[in-house]
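This is coords-v3.tsv. It holds TSV, C-alpha atoms.
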```
chain	number	residue	atom	x	y	z
A	1	MET	CA	-18.23	-1.96	-6.40
A	2	ALA	CA	-16.57	-1.63	-9.82
A	3	GLU	CA	-16.18	1.84	-11.29
A	4	PRO	CA	-18.21	2.36	-14.47
A	5	THR	CA	-15.81	1.78	-17.37
A	6	HIS	CA	-16.74	5.05	-19.05
A	7	LYS	CA	-16.11	7.32	-16.07
A	8	PRO	CA	-14.39	10.43	-17.45
A	9	LEU	CA	-11.10	11.64	-16.05
A	10	ARG	CA	-11.88	14.28	-13.46
A	11	PRO	CA	-10.89	17.78	-14.66
A	12	GLN	CA	-9.04	18.52	-11.41
A	13	ARG	CA	-6.38	15.95	-12.27
A	14	LEU	CA	-5.54	17.88	-15.45
A	15	THR	CA	-3.13	20.73	-16.06
A	16	ALA	CA	-4.72	24.08	-16.98
A	17	LYS	CA	-3.94	23.43	-20.64
A	18	GLY	CA	-5.34	19.90	-20.41
A	19	ALA	CA	-8.52	21.13	-18.75
A	20	ALA	CA	-8.96	23.73	-21.51
A	21	THR	CA	-8.57	21.07	-24.23
A	22	ARG	CA	-10.99	18.76	-22.47
A	23	GLU	CA	-13.52	21.56	-22.15
A	24	ARG	CA	-13.15	22.45	-25.85
A	25	ILE	CA	-14.01	18.85	-26.72
A	26	VAL	CA	-17.01	18.77	-24.39
A	27	ARG	CA	-18.36	22.12	-25.64
A	28	ALA	CA	-18.12	20.99	-29.27
A	29	ALA	CA	-19.80	17.66	-28.45
A	30	ALA	CA	-22.56	19.40	-26.46
A	31	GLU	CA	-23.33	21.80	-29.30
A	32	LEU	CA	-23.35	19.01	-31.90
A	33	MET	CA	-25.50	16.70	-29.77
A	34	HIS	CA	-27.98	19.49	-29.05
A	35	THR	CA	-28.44	20.54	-32.67
A	36	GLN	CA	-28.14	17.19	-34.48
A	37	GLY	CA	-28.85	14.63	-31.78
A	38	VAL	CA	-26.73	12.43	-29.51
A	39	GLU	CA	-26.72	9.34	-31.70
A	40	ARG	CA	-26.10	11.17	-34.95
A	41	THR	CA	-22.99	12.80	-33.47
A	42	SER	CA	-19.88	10.72	-34.19
A	43	LEU	CA	-16.43	11.01	-32.59
A	44	ASP	CA	-15.22	12.17	-36.03
A	45	ASP	CA	-17.69	15.09	-35.87
A	46	VAL	CA	-16.43	16.02	-32.40
A	47	ILE	CA	-12.79	15.82	-33.53
A	48	ALA	CA	-13.50	18.00	-36.59
A	49	VAL	CA	-15.53	20.68	-34.80
A	50	SER	CA	-13.36	20.88	-31.67
A	51	GLY	CA	-10.15	21.01	-33.71
A	52	THR	CA	-8.49	18.34	-31.59
A	53	GLY	CA	-6.64	15.26	-32.79
A	54	ARG	CA	-7.95	11.72	-32.39
A	55	SER	CA	-5.21	10.70	-29.97
A	56	GLN	CA	-5.81	13.88	-27.94
A	57	LEU	CA	-9.52	13.05	-27.68
A	58	TYR	CA	-8.78	9.48	-26.56
A	59	HIS	CA	-6.40	10.88	-23.95
A	60	TYR	CA	-9.38	12.50	-22.21
A	61	PHE	CA	-12.23	10.13	-23.09
A	62	ALA	CA	-12.19	6.34	-23.35
A	63	ASP	CA	-15.15	6.22	-25.74
A	64	LYS	CA	-18.30	8.00	-26.89
A	65	ALA	CA	-20.17	7.02	-23.71
A	66	ALA	CA	-17.57	8.95	-21.68
A	67	ILE	CA	-18.15	12.03	-23.85
A	68	VAL	CA	-21.93	11.67	-23.52
A	69	ASP	CA	-21.59	11.59	-19.72
A	70	ALA	CA	-19.38	14.69	-19.81
A	71	VAL	CA	-21.93	16.43	-22.07
A	72	VAL	CA	-24.75	15.62	-19.63
A	73	GLU	CA	-22.68	17.06	-16.77
A	74	PHE	CA	-21.77	20.11	-18.89
A	75	GLN	CA	-25.37	20.82	-20.00
A	76	ILE	CA	-26.70	20.47	-16.45
A	77	GLU	CA	-24.18	23.12	-15.34
A	78	GLN	CA	-24.91	25.34	-18.37
A	79	VAL	CA	-28.70	25.10	-18.22
A	80	LEU	CA	-28.98	25.14	-14.42
A	81	GLY	CA	-26.37	27.89	-14.09
A	82	ALA	CA	-28.38	30.12	-16.44
A	83	GLN	CA	-31.74	29.07	-14.95
A	84	GLU	CA	-30.69	29.59	-11.33
A	85	GLU	CA	-29.46	33.04	-12.27
A	86	LEU	CA	-32.75	33.85	-14.04
A	87	LEU	CA	-34.77	32.41	-11.17
A	88	ARG	CA	-32.85	34.24	-8.42
A	89	ASN	CA	-35.56	36.91	-8.31
A	90	ALA	CA	-38.48	34.71	-9.31
A	91	ASP	CA	-40.07	35.09	-5.88
A	92	SER	CA	-42.96	37.24	-7.09
A	93	MET	CA	-45.36	37.14	-10.07
A	94	ASN	CA	-43.27	39.92	-11.64
A	95	GLY	CA	-40.08	37.91	-11.17
A	96	LEU	CA	-41.69	34.76	-12.62
A	97	THR	CA	-42.97	36.80	-15.56
A	98	ARG	CA	-39.47	38.14	-16.26
A	99	TRP	CA	-38.14	34.57	-16.22
A	100	ARG	CA	-40.94	33.53	-18.63
A	101	ASP	CA	-40.09	36.49	-20.90
A	102	ALA	CA	-36.40	35.48	-21.06
A	103	VAL	CA	-37.18	31.82	-21.84
A	104	VAL	CA	-39.74	32.71	-24.52
A	105	ALA	CA	-37.48	35.37	-26.12
A	106	HIS	CA	-34.60	32.89	-26.37
A	107	ASN	CA	-36.83	30.18	-27.82
A	108	ARG	CA	-38.30	32.68	-30.28
A	109	SER	CA	-34.77	33.66	-31.44
A	110	LEU	CA	-34.34	29.99	-32.46
A	111	LYS	CA	-37.84	29.82	-34.03
A	112	GLY	CA	-38.65	27.13	-31.47
A	113	ALA	CA	-35.92	24.77	-32.73
A	114	HIS	CA	-33.76	22.22	-30.86
A	115	GLY	CA	-35.84	22.00	-27.66
A	116	CYS	CA	-34.33	22.20	-24.18
A	117	PRO	CA	-30.66	21.06	-24.07
A	118	LEU	CA	-31.40	19.01	-20.94
A	119	GLY	CA	-34.85	17.83	-22.05
A	120	SER	CA	-33.46	16.50	-25.34
A	121	LEU	CA	-30.76	14.56	-23.48
A	122	ALA	CA	-33.43	13.21	-21.12
A	123	SER	CA	-35.50	11.91	-24.02
A	124	ALA	CA	-32.50	10.40	-25.83
A	125	LEU	CA	-30.64	8.88	-22.88
A	126	SER	CA	-33.02	8.09	-20.00
A	127	ASP	CA	-33.65	4.56	-21.24
A	128	SER	CA	-30.05	3.78	-22.23
A	129	SER	CA	-27.88	4.13	-19.13
A	130	GLU	CA	-29.01	4.13	-15.51
A	131	ILE	CA	-26.07	6.32	-14.38
A	132	THR	CA	-26.84	8.89	-17.07
A	133	ARG	CA	-30.57	8.81	-16.30
A	134	GLN	CA	-29.89	9.50	-12.62
A	135	ALA	CA	-27.63	12.44	-13.48
A	136	ILE	CA	-30.37	13.93	-15.69
A	137	ALA	CA	-33.01	13.32	-13.01
A	138	ARG	CA	-30.82	15.19	-10.49
A	139	GLY	CA	-30.61	18.07	-12.99
A	140	PHE	CA	-34.41	18.23	-13.18
A	141	ASP	CA	-34.64	18.01	-9.36
A	142	ARG	CA	-32.28	20.97	-9.07
A	143	TRP	CA	-34.31	22.95	-11.65
A	144	GLU	CA	-37.58	22.16	-9.87
A	145	GLY	CA	-35.91	23.16	-6.59
A	146	ALA	CA	-35.04	26.60	-7.97
A	147	LEU	CA	-38.67	27.11	-9.04
A	148	ARG	CA	-39.96	25.80	-5.70
A	149	THR	CA	-37.72	28.12	-3.66
A	150	GLY	CA	-39.31	31.21	-5.23
A	151	LEU	CA	-42.82	29.84	-4.75
A	152	GLN	CA	-42.10	28.93	-1.11
A	153	HIS	CA	-40.89	32.48	-0.53
A	154	MET	CA	-44.12	33.82	-2.05
A	155	ARG	CA	-46.16	31.60	0.23
A	156	GLN	CA	-44.15	32.61	3.33
A	157	THR	CA	-44.62	36.31	2.62
A	158	GLY	CA	-48.34	35.79	2.01
A	159	ALA	CA	-48.13	36.62	-1.70
A	160	LEU	CA	-49.44	33.09	-2.32
A	161	ALA	CA	-52.38	31.66	-0.37
A	162	GLN	CA	-51.60	29.04	2.30
A	163	GLU	CA	-53.47	26.36	0.32
A	164	ALA	CA	-50.97	26.73	-2.57
A	165	ASP	CA	-48.47	23.85	-2.62
A	166	PRO	CA	-45.08	25.14	-3.87
A	167	ALA	CA	-43.82	21.59	-4.63
A	168	THR	CA	-46.82	20.74	-6.82
A	169	LEU	CA	-46.79	24.13	-8.54
A	170	ALA	CA	-43.04	23.78	-9.27
A	171	THR	CA	-43.51	20.33	-10.86
A	172	GLY	CA	-46.40	21.71	-12.93
A	173	LEU	CA	-44.32	24.69	-14.03
A	174	LEU	CA	-41.29	22.57	-15.02
A	175	ALA	CA	-43.55	20.14	-16.91
A	176	ALA	CA	-45.21	23.06	-18.73
A	177	LEU	CA	-41.77	24.37	-19.66
A	178	GLN	CA	-40.50	21.00	-20.92
A	179	GLY	CA	-43.71	20.21	-22.80
A	180	GLY	CA	-43.67	23.72	-24.25
A	181	TYR	CA	-40.08	23.24	-25.47
A	182	LEU	CA	-41.06	19.97	-27.17
A	183	LEU	CA	-44.19	21.33	-28.90
A	184	ALA	CA	-42.25	24.44	-30.00
A	185	GLN	CA	-39.51	22.20	-31.43
A	186	ALA	CA	-41.98	20.06	-33.40
A	187	ARG	CA	-43.90	23.12	-34.62
A	188	ARG	CA	-40.83	25.32	-35.17
A	189	ASP	CA	-42.78	28.03	-33.41
A	190	ALA	CA	-42.23	29.49	-29.95
A	191	THR	CA	-45.96	30.12	-29.46
A	192	SER	CA	-46.43	26.73	-27.78
A	193	ILE	CA	-43.84	27.41	-25.08
A	194	GLN	CA	-45.33	30.86	-24.48
A	195	VAL	CA	-48.87	29.50	-24.12
A	196	ALA	CA	-47.69	26.61	-21.92
A	197	LEU	CA	-45.81	28.93	-19.54
A	198	ASP	CA	-48.62	31.50	-19.48
A	199	THR	CA	-51.13	28.80	-18.61
A	200	ALA	CA	-48.93	27.53	-15.76
A	201	LEU	CA	-48.33	31.11	-14.51
A	202	ASP	CA	-52.07	31.89	-14.71
A	203	HIS	CA	-52.63	28.90	-12.47
A	204	ILE	CA	-50.08	30.19	-9.94
A	205	ARG	CA	-51.65	33.66	-10.18
A	206	SER	CA	-54.99	32.18	-9.14
A	207	PHE	CA	-53.41	31.57	-5.69
A	208	THR	CA	-52.21	35.17	-5.29
A	209	ARG	CA	-54.17	37.65	-3.22
B	1	MET	CA	-41.31	18.82	-57.41
B	2	ALA	CA	-39.23	15.68	-56.89
B	3	GLU	CA	-40.66	12.98	-54.64
B	4	PRO	CA	-38.63	12.50	-51.46
B	5	THR	CA	-36.30	9.56	-52.09
B	6	HIS	CA	-37.38	7.79	-48.94
B	7	LYS	CA	-41.11	7.88	-49.58
B	8	PRO	CA	-42.47	4.49	-48.50
B	9	LEU	CA	-44.53	2.38	-50.87
B	10	ARG	CA	-48.17	3.04	-50.11
B	11	PRO	CA	-49.82	0.06	-48.41
B	12	GLN	CA	-52.77	0.17	-50.83
B	13	ARG	CA	-50.52	-0.97	-53.68
B	14	LEU	CA	-49.69	-4.15	-51.76
B	15	THR	CA	-51.43	-7.51	-51.66
B	16	ALA	CA	-53.02	-8.46	-48.33
B	17	LYS	CA	-50.01	-10.65	-47.56
B	18	GLY	CA	-47.61	-7.87	-48.56
B	19	ALA	CA	-49.44	-5.36	-46.39
B	20	ALA	CA	-49.27	-7.75	-43.43
B	21	THR	CA	-45.50	-8.22	-43.88
B	22	ARG	CA	-44.97	-4.48	-44.19
B	23	GLU	CA	-47.00	-3.89	-41.02
B	24	ARG	CA	-45.03	-6.55	-39.14
B	25	ILE	CA	-41.81	-4.70	-40.03
B	26	VAL	CA	-43.23	-1.31	-39.01
B	27	ARG	CA	-44.60	-2.62	-35.70
B	28	ALA	CA	-41.25	-4.18	-34.80
B	29	ALA	CA	-39.38	-0.99	-35.76
B	30	ALA	CA	-41.83	1.19	-33.79
B	31	GLU	CA	-41.45	-0.94	-30.66
B	32	LEU	CA	-37.63	-0.97	-30.93
B	33	MET	CA	-37.39	2.75	-31.61
B	34	HIS	CA	-39.69	3.55	-28.69
B	35	THR	CA	-37.82	1.45	-26.15
B	36	GLN	CA	-34.21	1.86	-27.32
B	37	GLY	CA	-34.31	5.02	-29.43
B	38	VAL	CA	-34.50	5.78	-33.15
B	39	GLU	CA	-30.78	6.07	-33.80
B	40	ARG	CA	-29.79	3.04	-31.76
B	41	THR	CA	-32.19	0.88	-33.79
B	42	SER	CA	-30.43	-0.70	-36.77
B	43	LEU	CA	-32.00	-2.40	-39.77
B	44	ASP	CA	-30.45	-5.63	-38.45
B	45	ASP	CA	-32.44	-5.19	-35.21
B	46	VAL	CA	-35.64	-4.68	-37.21
B	47	ILE	CA	-34.93	-7.72	-39.38
B	48	ALA	CA	-34.25	-9.90	-36.31
B	49	VAL	CA	-37.26	-8.78	-34.27
B	50	SER	CA	-39.76	-8.74	-37.15
B	51	GLY	CA	-38.61	-12.14	-38.41
B	52	THR	CA	-38.38	-10.90	-41.99
B	53	GLY	CA	-35.49	-11.37	-44.40
B	54	ARG	CA	-33.19	-8.57	-45.50
B	55	SER	CA	-34.37	-8.70	-49.13
B	56	GLN	CA	-38.00	-8.72	-47.95
B	57	LEU	CA	-37.37	-5.58	-45.87
B	58	TYR	CA	-35.73	-3.82	-48.81
B	59	HIS	CA	-38.71	-4.74	-50.96
B	60	TYR	CA	-40.88	-2.49	-48.77
B	61	PHE	CA	-38.41	0.14	-47.60
B	62	ALA	CA	-35.57	1.79	-49.54
B	63	ASP	CA	-33.59	2.64	-46.40
B	64	LYS	CA	-33.82	3.37	-42.69
B	65	ALA	CA	-35.26	6.85	-43.35
B	66	ALA	CA	-38.23	5.20	-45.08
B	67	ILE	CA	-38.81	2.97	-42.04
B	68	VAL	CA	-38.55	5.97	-39.71
B	69	ASP	CA	-41.22	7.80	-41.72
B	70	ALA	CA	-43.46	4.73	-41.61
B	71	VAL	CA	-42.92	4.49	-37.82
B	72	VAL	CA	-43.89	8.15	-37.38
B	73	GLU	CA	-47.07	7.54	-39.40
B	74	PHE	CA	-47.76	4.34	-37.44
B	75	GLN	CA	-47.22	5.94	-33.99
B	76	ILE	CA	-49.41	8.93	-34.87
B	77	GLU	CA	-52.22	6.50	-35.74
B	78	GLN	CA	-51.57	4.34	-32.66
B	79	VAL	CA	-51.26	7.19	-30.17
B	80	LEU	CA	-53.97	9.40	-31.67
B	81	GLY	CA	-56.30	6.45	-32.22
B	82	ALA	CA	-56.06	5.56	-28.52
B	83	GLN	CA	-56.16	9.19	-27.37
B	84	GLU	CA	-59.16	10.14	-29.51
B	85	GLU	CA	-61.00	7.14	-28.10
B	86	LEU	CA	-60.08	8.11	-24.51
B	87	LEU	CA	-60.97	11.76	-25.17
B	88	ARG	CA	-64.33	10.99	-26.81
B	89	ASN	CA	-66.11	11.68	-23.51
B	90	ALA	CA	-63.66	14.26	-22.16
B	91	ASP	CA	-66.24	17.02	-22.40
B	92	SER	CA	-66.70	17.37	-18.63
B	93	MET	CA	-64.37	17.52	-15.61
B	94	ASN	CA	-65.33	13.89	-14.90
B	95	GLY	CA	-64.47	12.88	-18.45
B	96	LEU	CA	-61.14	14.71	-18.34
B	97	THR	CA	-60.37	13.08	-14.99
B	98	ARG	CA	-61.07	9.61	-16.43
B	99	TRP	CA	-58.67	10.39	-19.31
B	100	ARG	CA	-56.05	11.55	-16.78
B	101	ASP	CA	-56.57	8.35	-14.76
B	102	ALA	CA	-56.01	6.17	-17.83
B	103	VAL	CA	-52.83	8.02	-18.89
B	104	VAL	CA	-51.36	7.95	-15.37
B	105	ALA	CA	-52.24	4.27	-14.82
B	106	HIS	CA	-50.53	3.29	-18.08
B	107	ASN	CA	-47.45	5.37	-17.27
B	108	ARG	CA	-47.35	3.89	-13.76
B	109	SER	CA	-47.46	0.34	-15.21
B	110	LEU	CA	-44.19	1.23	-17.01
B	111	LYS	CA	-42.71	2.92	-13.90
B	112	GLY	CA	-42.59	6.13	-15.93
B	113	ALA	CA	-40.23	4.67	-18.54
B	114	HIS	CA	-39.92	5.36	-22.29
B	115	GLY	CA	-41.89	8.63	-22.42
B	116	CYS	CA	-44.60	9.33	-24.97
B	117	PRO	CA	-44.14	7.36	-28.24
B	118	LEU	CA	-44.89	10.51	-30.25
B	119	GLY	CA	-43.02	12.90	-27.93
B	120	SER	CA	-39.85	10.80	-28.12
B	121	LEU	CA	-40.00	10.82	-31.92
B	122	ALA	CA	-40.55	14.59	-31.82
B	123	SER	CA	-37.44	15.10	-29.72
B	124	ALA	CA	-35.29	12.76	-31.82
B	125	LEU	CA	-36.45	13.74	-35.30
B	126	SER	CA	-37.80	17.33	-35.36
B	127	ASP	CA	-34.39	18.78	-36.23
B	128	SER	CA	-33.39	16.10	-38.75
B	129	SER	CA	-36.00	16.06	-41.52
B	130	GLU	CA	-38.48	18.78	-42.39
B	131	ILE	CA	-41.02	16.30	-43.82
B	132	THR	CA	-40.86	14.19	-40.67
B	133	ARG	CA	-41.09	17.25	-38.42
B	134	GLN	CA	-44.24	18.41	-40.22
B	135	ALA	CA	-45.84	14.98	-39.86
B	136	ILE	CA	-45.13	14.99	-36.11
B	137	ALA	CA	-46.42	18.56	-35.77
B	138	ARG	CA	-49.67	17.50	-37.49
B	139	GLY	CA	-49.93	14.66	-34.97
B	140	PHE	CA	-49.65	17.12	-32.08
B	141	ASP	CA	-52.19	19.43	-33.78
B	142	ARG	CA	-54.64	16.55	-34.02
B	143	TRP	CA	-54.07	15.66	-30.34
B	144	GLU	CA	-54.55	19.26	-29.24
B	145	GLY	CA	-57.69	19.37	-31.39
B	146	ALA	CA	-59.18	16.39	-29.55
B	147	LEU	CA	-58.53	18.12	-26.21
B	148	ARG	CA	-59.90	21.43	-27.52
B	149	THR	CA	-63.13	19.85	-28.79
B	150	GLY	CA	-64.07	18.67	-25.29
B	151	LEU	CA	-63.19	22.04	-23.76
B	152	GLN	CA	-65.20	23.89	-26.43
B	153	HIS	CA	-68.17	21.69	-25.64
B	154	MET	CA	-67.81	22.50	-21.92
B	155	ARG	CA	-67.76	26.21	-22.73
B	156	GLN	CA	-70.79	25.96	-25.02
B	157	THR	CA	-72.84	24.17	-22.39
B	158	GLY	CA	-71.79	26.69	-19.74
B	159	ALA	CA	-69.74	24.16	-17.75
B	160	LEU	CA	-66.74	26.43	-18.42
B	161	ALA	CA	-66.93	30.21	-18.01
B	162	GLN	CA	-67.05	32.33	-21.17
B	163	GLU	CA	-63.63	33.84	-20.36
B	164	ALA	CA	-62.01	30.38	-20.62
B	165	ASP	CA	-60.14	29.96	-23.92
B	166	PRO	CA	-60.38	26.30	-25.06
B	167	ALA	CA	-57.45	26.70	-27.51
B	168	THR	CA	-55.09	28.03	-24.84
B	169	LEU	CA	-56.24	25.49	-22.27
B	170	ALA	CA	-55.74	22.65	-24.77
B	171	THR	CA	-52.15	23.74	-25.56
B	172	GLY	CA	-51.44	24.01	-21.84
B	173	LEU	CA	-52.90	20.57	-21.20
B	174	LEU	CA	-50.92	18.91	-24.03
B	175	ALA	CA	-47.71	20.63	-22.87
B	176	ALA	CA	-48.35	19.46	-19.28
B	177	LEU	CA	-48.85	15.92	-20.60
B	178	GLN	CA	-45.68	15.96	-22.73
B	179	GLY	CA	-43.56	17.57	-20.01
B	180	GLY	CA	-44.99	15.12	-17.50
B	181	TYR	CA	-44.04	12.18	-19.74
B	182	LEU	CA	-40.47	13.51	-20.02
B	183	LEU	CA	-39.99	14.12	-16.28
B	184	ALA	CA	-41.51	10.71	-15.49
B	185	GLN	CA	-39.12	9.07	-17.97
B	186	ALA	CA	-36.05	10.76	-16.45
B	187	ARG	CA	-37.20	10.01	-12.91
B	188	ARG	CA	-38.55	6.53	-13.65
B	189	ASP	CA	-41.57	7.55	-11.63
B	190	ALA	CA	-45.09	8.31	-12.84
B	191	THR	CA	-45.62	10.89	-10.06
B	192	SER	CA	-44.41	13.73	-12.32
B	193	ILE	CA	-46.99	13.03	-15.03
B	194	GLN	CA	-49.72	12.75	-12.41
B	195	VAL	CA	-48.79	16.08	-10.78
B	196	ALA	CA	-48.39	17.80	-14.17
B	197	LEU	CA	-51.85	16.66	-15.36
B	198	ASP	CA	-53.50	17.43	-12.02
B	199	THR	CA	-52.05	20.95	-12.08
B	200	ALA	CA	-53.35	21.53	-15.62
B	201	LEU	CA	-56.77	20.07	-14.71
B	202	ASP	CA	-56.91	22.22	-11.53
B	203	HIS	CA	-56.38	25.22	-13.77
B	204	ILE	CA	-59.25	24.17	-16.05
B	205	ARG	CA	-61.41	23.50	-12.98
B	206	SER	CA	-60.88	27.10	-11.85
B	207	PHE	CA	-63.01	28.13	-14.88
B	208	THR	CA	-65.91	25.82	-13.99
B	209	ARG	CA	-68.97	27.08	-12.25
```
Rendering of file as structure tokens:
Amino acid sequence: MAEPTHKPLRPQRLTAKGAATRERIVRAAAELMHTQGVERTSLDDVIAVSGTGRSQLYHYFADKAAIVDAVVEFQIEQVLGAQEELLRNADSMNGLTRWRDAVVAHNRSLKGAHGCPLGSLASALSDSSEITRQAIARGFDRWEGALRTGLQHMRQTGALAQEADPATLATGLLAALQGGYLLAQARRDATSIQVALDTALDHIRSFTR
Amino acid sequence: MAEPTHKPLRPQRLTAKGAATRERIVRAAAELMHTQGVERTSLDDVIAVSGTGRSQLYHYFADKAAIVDAVVEFQIEQVLGAQEELLRNADSMNGLTRWRDAVVAHNRSLKGAHGCPLGSLASALSDSSEITRQAIARGFDRWEGALRTGLQHMRQTGALAQEADPATLATGLLAALQGGYLLAQARRDATSIQVALDTALDHIRSFTR
């Protein structure tokens, strides 16, 4: 099977200095694409903001599609890294509430703007490239898995009733989070994400005893 | 205050034939932007798909921003028109379940693809233009209002307990729907939207008596 033409060079083939340059490009592209959109972000923007030269950028990335793929990979690691850390102790209602507090506080600091870095990429890219869509879907699977793990633990310890289904509750919670991000972005107001998460947590609470 | 430069000509100033041409352009643009994204849709695409000439298009729209605004207006009417019709009888658990069935069946017919026409516009455009963001936010307000009206009716008739808050439940339900659309789009599988809606409806059901 042919390799996709826009497959990025793997970081491990690079020298330490090369890897640092590549990462500077990806970070700048990720920030630009999150705040102004994937399509509105040009290679010229990335060159200007990352402070790299054009030939340097083309040394690491064949084209914009290669940068987009690297940004998807980068945001999955950023978002999931932070979320898995926050969700490490989300195996009780108190733990889930602390996670909710952190998400809402961060969204409030942005006045609801920009949405979820991964959710925005999902909306912009899911219909454009099958490889990219699958990478994003795996990111959501991993996120849902982190939520499910805590809920499974709660069910095993008897904190959640046996009739509670951790898989269903995790999908519902991730959907509430993503929908909350989107409504907050459109309304420029974090209230929607707070209400969405509280509603989903109230539902989980109804299975506690 | 200065008029925004990209304000579209109002349809009411047009002849019947002019209004039909304008609508053909907007419909084509809306379909393209929904399936391939706002930014990836060029004026050339719109001209080709709508079968209008370039000078004809510029007679109705000053630039792409004007078409985007018209598409937002068009999708709000399309989506809300259909949703308000579906939600007309959503003032009981049976009515809400029929609404859920219709949304899930439609999403399943697309194998989860493309997301919500209004949600996708919200993600792509909320950070780009304040006027456009406000229009989209009003669309979501109207949608949430249609959900809230049914829930208020259920509370008034005693179908929902007095402690149920229709406003909160409506926000939670709309967030579940939007998050479900997004997860279904990324996964190319309507199961996420079904689980998200069922979780939100289960929560509402816990207030019935």
Leaving out Val103 (chain B) and any residue of its chain fewer than 5 positions from it, which residues lie within 12 Å of it when counting only C-alpha atoms, given as a PyMOL selection string? chain B and resi 79+82-83+86-87+96-98+108-110+112+115-116+177-178+180-181+190-191+193-194+196-198
Identify which of the residues A:Glu77, A:Asp127, A:Glu23, A:Glu144 lies closest to chain B, counting only C-alpha atoms when measuring atom-to-atom distances.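 Closest to chain B of all the choices is A:Asp127.
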With distances taken over only C-alpha atoms, which residue among B:Leu80, B:Val49, B:Leu151, B:Ala135 lies nearest chain A? B:Ala135
Nearby residues, (-37.9, 6.4, -41.7) file frame, 10 Å, only C-alpha atoms, as a list in words: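 These residues have at least one counted atom within 10 Å: His6, Lys7, Pro8, Val26, Ala29, Val38, Phe61, Ala62, Asp63, Lys64, Ala65, Ala66, Ile67, Val68, Asp69, Ala70, Val71, Val72, Glu73, Leu125, Ser129 and Thr132 of chain B.
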List as a list in words the protein and nucleic acid residues near Glu84 (chain A), meaning an atom at most 12 Å away when all atoms listed in the file are counted, but skip any in the same chain fewer than 3 places from it. Ile76, Glu77, Gln78, Val79, Leu80, Gly81, Leu87, Arg88, Asn89, Ala90, Trp99, Gly139, Arg142, Trp143, Glu144, Gly145, Ala146, Leu147, Arg148, Thr149 and Gly150 of chain A
I need the chosen residues saved as an mmCIF file, in the coordinates of the input, with C-alpha atoms.
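Dumped everything to result03.cif:
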```cif
data_model
loop_
_atom_site.group_PDB
_atom_site.id
_atom_site.type_symbol
_atom_site.label_atom_id
_atom_site.label_comp_id
_atom_site.auth_asym_id
_atom_site.auth_seq_id
_atom_site.Cartn_x
_atom_site.Cartn_y
_atom_site.Cartn_z
ATOM 1 C CA ILE A 76 -26.700 20.470 -16.450
ATOM 2 C CA GLU A 77 -24.180 23.120 -15.340
ATOM 3 C CA GLN A 78 -24.910 25.340 -18.370
ATOM 4 C CA VAL A 79 -28.700 25.100 -18.220
ATOM 5 C CA LEU A 80 -28.980 25.140 -14.420
ATOM 6 C CA GLY A 81 -26.370 27.890 -14.090
ATOM 7 C CA LEU A 87 -34.770 32.410 -11.170
ATOM 8 C CA ARG A 88 -32.850 34.240 -8.420
ATOM 9 C CA ASN A 89 -35.560 36.910 -8.310
ATOM 10 C CA ALA A 90 -38.480 34.710 -9.310
ATOM 11 C CA TRP A 99 -38.140 34.570 -16.220
ATOM 12 C CA GLY A 139 -30.610 18.070 -12.990
ATOM 13 C CA ARG A 142 -32.280 20.970 -9.070
ATOM 14 C CA TRP A 143 -34.310 22.950 -11.650
ATOM 15 C CA GLU A 144 -37.580 22.160 -9.870
ATOM 16 C CA GLY A 145 -35.910 23.160 -6.590
ATOM 17 C CA ALA A 146 -35.040 26.600 -7.970
ATOM 18 C CA LEU A 147 -38.670 27.110 -9.040
ATOM 19 C CA ARG A 148 -39.960 25.800 -5.700
ATOM 20 C CA THR A 149 -37.720 28.120 -3.660
ATOM 21 C CA GLY A 150 -39.310 31.210 -5.230
#
```
Output as JSON, numbers by chain the set of chain B residues within 6 Å of chain A, with distances taken over only C-alpha atoms. {"B": [39, 122, 126, 133, 137, 172, 175, 176, 178, 179, 180, 186, 187, 196, 199, 203]}
In Å, with one decimal, what is the gap from CA of Tyr60 (chain B) to CA of Arg27 (chain B)?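 The value is 13.6 Å.
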Take region 76-83 of chain A, model N, CA and C atoms, and hand the result over as a compact mmCIF listing (two decimals), keeping the file's coordinate frame.
```txt
# COMPACT_ATOMS: atom_id res chain seq x y z
N ILE A 76 -26.03 20.20 -17.73
CA ILE A 76 -26.70 20.47 -16.45
C ILE A 76 -26.13 21.76 -15.86
N GLU A 77 -24.80 21.90 -15.89
CA GLU A 77 -24.18 23.12 -15.34
C GLU A 77 -24.56 24.35 -16.17
N GLN A 78 -24.55 24.21 -17.51
CA GLN A 78 -24.91 25.34 -18.37
C GLN A 78 -26.36 25.76 -18.16
N VAL A 79 -27.26 24.80 -18.28
CA VAL A 79 -28.70 25.10 -18.22
C VAL A 79 -29.07 25.55 -16.81
N LEU A 80 -28.62 24.80 -15.80
CA LEU A 80 -28.98 25.14 -14.42
C LEU A 80 -28.30 26.43 -13.98
N GLY A 81 -27.05 26.64 -14.42
CA GLY A 81 -26.37 27.89 -14.09
C GLY A 81 -27.19 29.08 -14.58
N ALA A 82 -27.59 29.02 -15.85
CA ALA A 82 -28.38 30.12 -16.44
C ALA A 82 -29.75 30.22 -15.77
N GLN A 83 -30.40 29.07 -15.54
CA GLN A 83 -31.74 29.07 -14.95
C GLN A 83 -31.73 29.57 -13.51
```
